Each structure stands twice: as C-alpha cells, then as structure tokens.
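Written below as structure tokens is the structure these notes are about.
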Amino acid sequence: MANLDEIYNTRILELAGAISRTGRLAHPHGTATGHSKLCGSTVTVDLELENGRVSDFGQSVKACLLGQASASVMAREIVGSTPEELRTVGNAMRAMLKEGGPPPGGRWADLAVLEPVRNYKARQASTLLVFDAVERALDDALHRTEAGLQAAR
C-alpha cells in the first residue's frame with residue numbers, strides 16, 4: 001500500500017490550486033453532474049461543441065484535492081478535444097486506477113500524478129468524477145443535437 005503522502009503531494013496541491021474554468025456556461029450544449037456517495041464530492045460540468053470539438057467548458061467543483069486536481073487538468077486541456085479523445089482519456093484513467101494500466105500520455109500526462117490513487121479504492125471515485133461528468137455531458141449534447149434535428153423536420 002502506498003503512503004498517503006504519495007497521493008497528497010506538492011504537484012497535486014499545485015494542480016488543485018490552479019483549477020480554472022470554474023464558472024458555469026449560460027447556454028451549454030451538454031451538462032452533467034458527477035457525485036460520489038462515499039465522500040460527498042460533486043462536479044458539475046457544462047460544455048459546448050463546435051465542428052466536432054469542445055469549444056467552451058465550465059465547471060463547478062466541490063471535491064477533495066484529488067477531484068480538484070483531475071478537474072484542473074480537464075479544464076486546462078478540454079477545449080479543442082474531440083469527444084473520442086475525452087472518452088479515451090476517461091477510459092485510460094479508469095484503467096490506470098482500477099486495473100493498474102498506464103497513465104494517459106501526451107497533453108494529458110499530468111494525470112500520471114494521480115497514479116498512486118490506485119492503491120486507495122475509496123479515493124478513486126472522486127478522482128474520476130470529472131471524467132464521468134464530461135462523458136455524460138457529451139452524451140447530453142449529442143442527445144440535444146439529435147432532438148433538435150428531429151424537431152426541425
């Protein structure tokens with residue numbers, strides 16, 4: 001089992017302290033909330049899509065340092081991402097924490113700092129909240145787009 005200092009390190013504190021895009025969007029294309037019953041953390045995200053990519057993002061984060069660190073990296077990297085990329089990053093995070101998989105790479109490489117959370121099952125849900133919420137917000141945006149197209153017919 002890892003030492004708690006390993007998951008609550010200086011880099012986690014820096015990421016959590018640098019969280020951005022903390023305002024909600026006025027007219028999002030998709031929105032969703034993730035909530036951890038275990039710790040009470042809640043993350044609500046709003047996003048807008050344009051030309052198959054996220055064009056704007058907002059979030060409300062009421063989470064522990066681990067959830068804040070994840071949300072910080074998400075806020076920094078999400079604009080310009082495709083839904084496919086975001087689902088891939090979310091799947092990589094789940095695999096890293098739950099199955100011992102490698103951390104995401106490329107511009108998402110800062111998420112590797114959360115790798116020791118795999119040894120603390122009780123901390124995994126709050127770490128993954130933003131990824132779950134983003135994927136549900138993408139689904140919501142797709143649903144709204146399809147509903148709008150059907151209504152226009």
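Chain labels follow the order of the structure tokens: the first chain is A, the next B, and so on; residue numbering restarts at 1 in every chain, and ligands are counted from 1 in their shown order.
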### Query
If we count only C-alpha atoms, what is near Leu66 (chain A) at a cut-off of 12 Å, once residues fewer than 5 positions away on the same chain are taken out, given as JSON, numbers by chain?
{"A": [4, 6, 7, 8, 9, 10, 11, 12, 13, 14, 15, 16, 17, 19, 39, 41, 61, 71, 72, 73, 111, 113, 114, 115, 116, 117, 118, 120, 122, 123, 124, 125, 126, 127, 128, 129, 130]}
### Sel. of strand (DSSP E) residues, chain A, as a PyMOL selection string
chain A and resi 30-35+42-50+53-62
Using C-alpha atoms, can you export the residues from the last selection as an mmCIF file, in the first residue's frame?
data_model
loop_
_atom_site.group_PDB
_atom_site.id
_atom_site.type_symbol
_atom_site.label_atom_id
_atom_site.label_comp_id
_atom_site.auth_asym_id
_atom_site.auth_seq_id
_atom_site.Cartn_x
_atom_site.Cartn_y
_atom_site.Cartn_z
ATOM 1 C CA GLY A 30 -24.365 19.439 -22.716
ATOM 2 C CA THR A 31 -24.265 19.362 -18.944
ATOM 3 C CA ALA A 32 -23.890 16.666 -16.299
ATOM 4 C CA THR A 33 -23.101 16.181 -12.634
ATOM 5 C CA GLY A 34 -20.970 13.518 -11.024
ATOM 6 C CA HIS A 35 -21.405 12.780 -7.332
ATOM 7 C CA THR A 42 -19.656 16.770 -6.597
ATOM 8 C CA VAL A 43 -18.540 18.012 -10.013
ATOM 9 C CA THR A 44 -20.927 19.648 -12.488
ATOM 10 C CA VAL A 45 -19.678 20.352 -15.998
ATOM 11 C CA ASP A 46 -21.040 22.304 -18.950
ATOM 12 C CA LEU A 47 -19.637 22.137 -22.450
ATOM 13 C CA GLU A 48 -20.219 23.480 -25.893
ATOM 14 C CA LEU A 49 -19.295 21.696 -29.106
ATOM 15 C CA GLU A 50 -18.372 23.233 -32.444
ATOM 16 C CA ARG A 53 -14.630 19.593 -30.790
ATOM 17 C CA VAL A 54 -15.205 21.128 -27.374
ATOM 18 C CA SER A 55 -15.279 24.891 -27.915
ATOM 19 C CA ASP A 56 -16.080 26.003 -24.336
ATOM 20 C CA PHE A 57 -16.154 24.431 -20.901
ATOM 21 C CA GLY A 58 -17.262 25.422 -17.425
ATOM 22 C CA GLN A 59 -17.399 23.544 -14.157
ATOM 23 C CA SER A 60 -18.445 23.717 -10.548
ATOM 24 C CA VAL A 61 -16.164 21.605 -8.371
ATOM 25 C CA LYS A 62 -16.898 20.776 -4.764
#
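In this comparison, which uses only C-alpha atoms, the residue of A:His143, A:Ala18, A:Glu135, A:Ala112 approaching Thr82 (chain A) most closely is A:Glu135.
The coordinates place CA of Ala141 (chain A) at 25.3 Å from CA of Lys37 (chain A).
If you measure from each of A:Lys98, A:His29, A:Arg76, A:Arg21 to Ala137 (chain A) using only C-alpha atoms, the closest one turns out to be A:His29.
For the set A:Gly40, A:Gly100, A:Gly52, A:Gly23, the residue with the smallest atom-to-atom gap to Thr145 (chain A) is A:Gly52, counting only C-alpha atoms.
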### Shortest interatomic distance to Ala63 (chain A) - which of A:Asn91, A:Asn119, A:Ser36, A:Ser20, counting only C-alpha atoms
A:Ser36
### Task
Determine which residues of chain A DSSP labels as helix (DSSP H, G or I) from the backbone of this structure, then write them out as number ranges by chain.
A: 4-7, 10-17, 65-77, 83-99, 106-119, 121-152
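Counting from CA of Arg87 (chain A), the distance to CA of Ala69 (chain A) is 18.4 Å.
For the pair CA of His27 (chain A) and CA of Leu86 (chain A), the separation is 20.9 Å.
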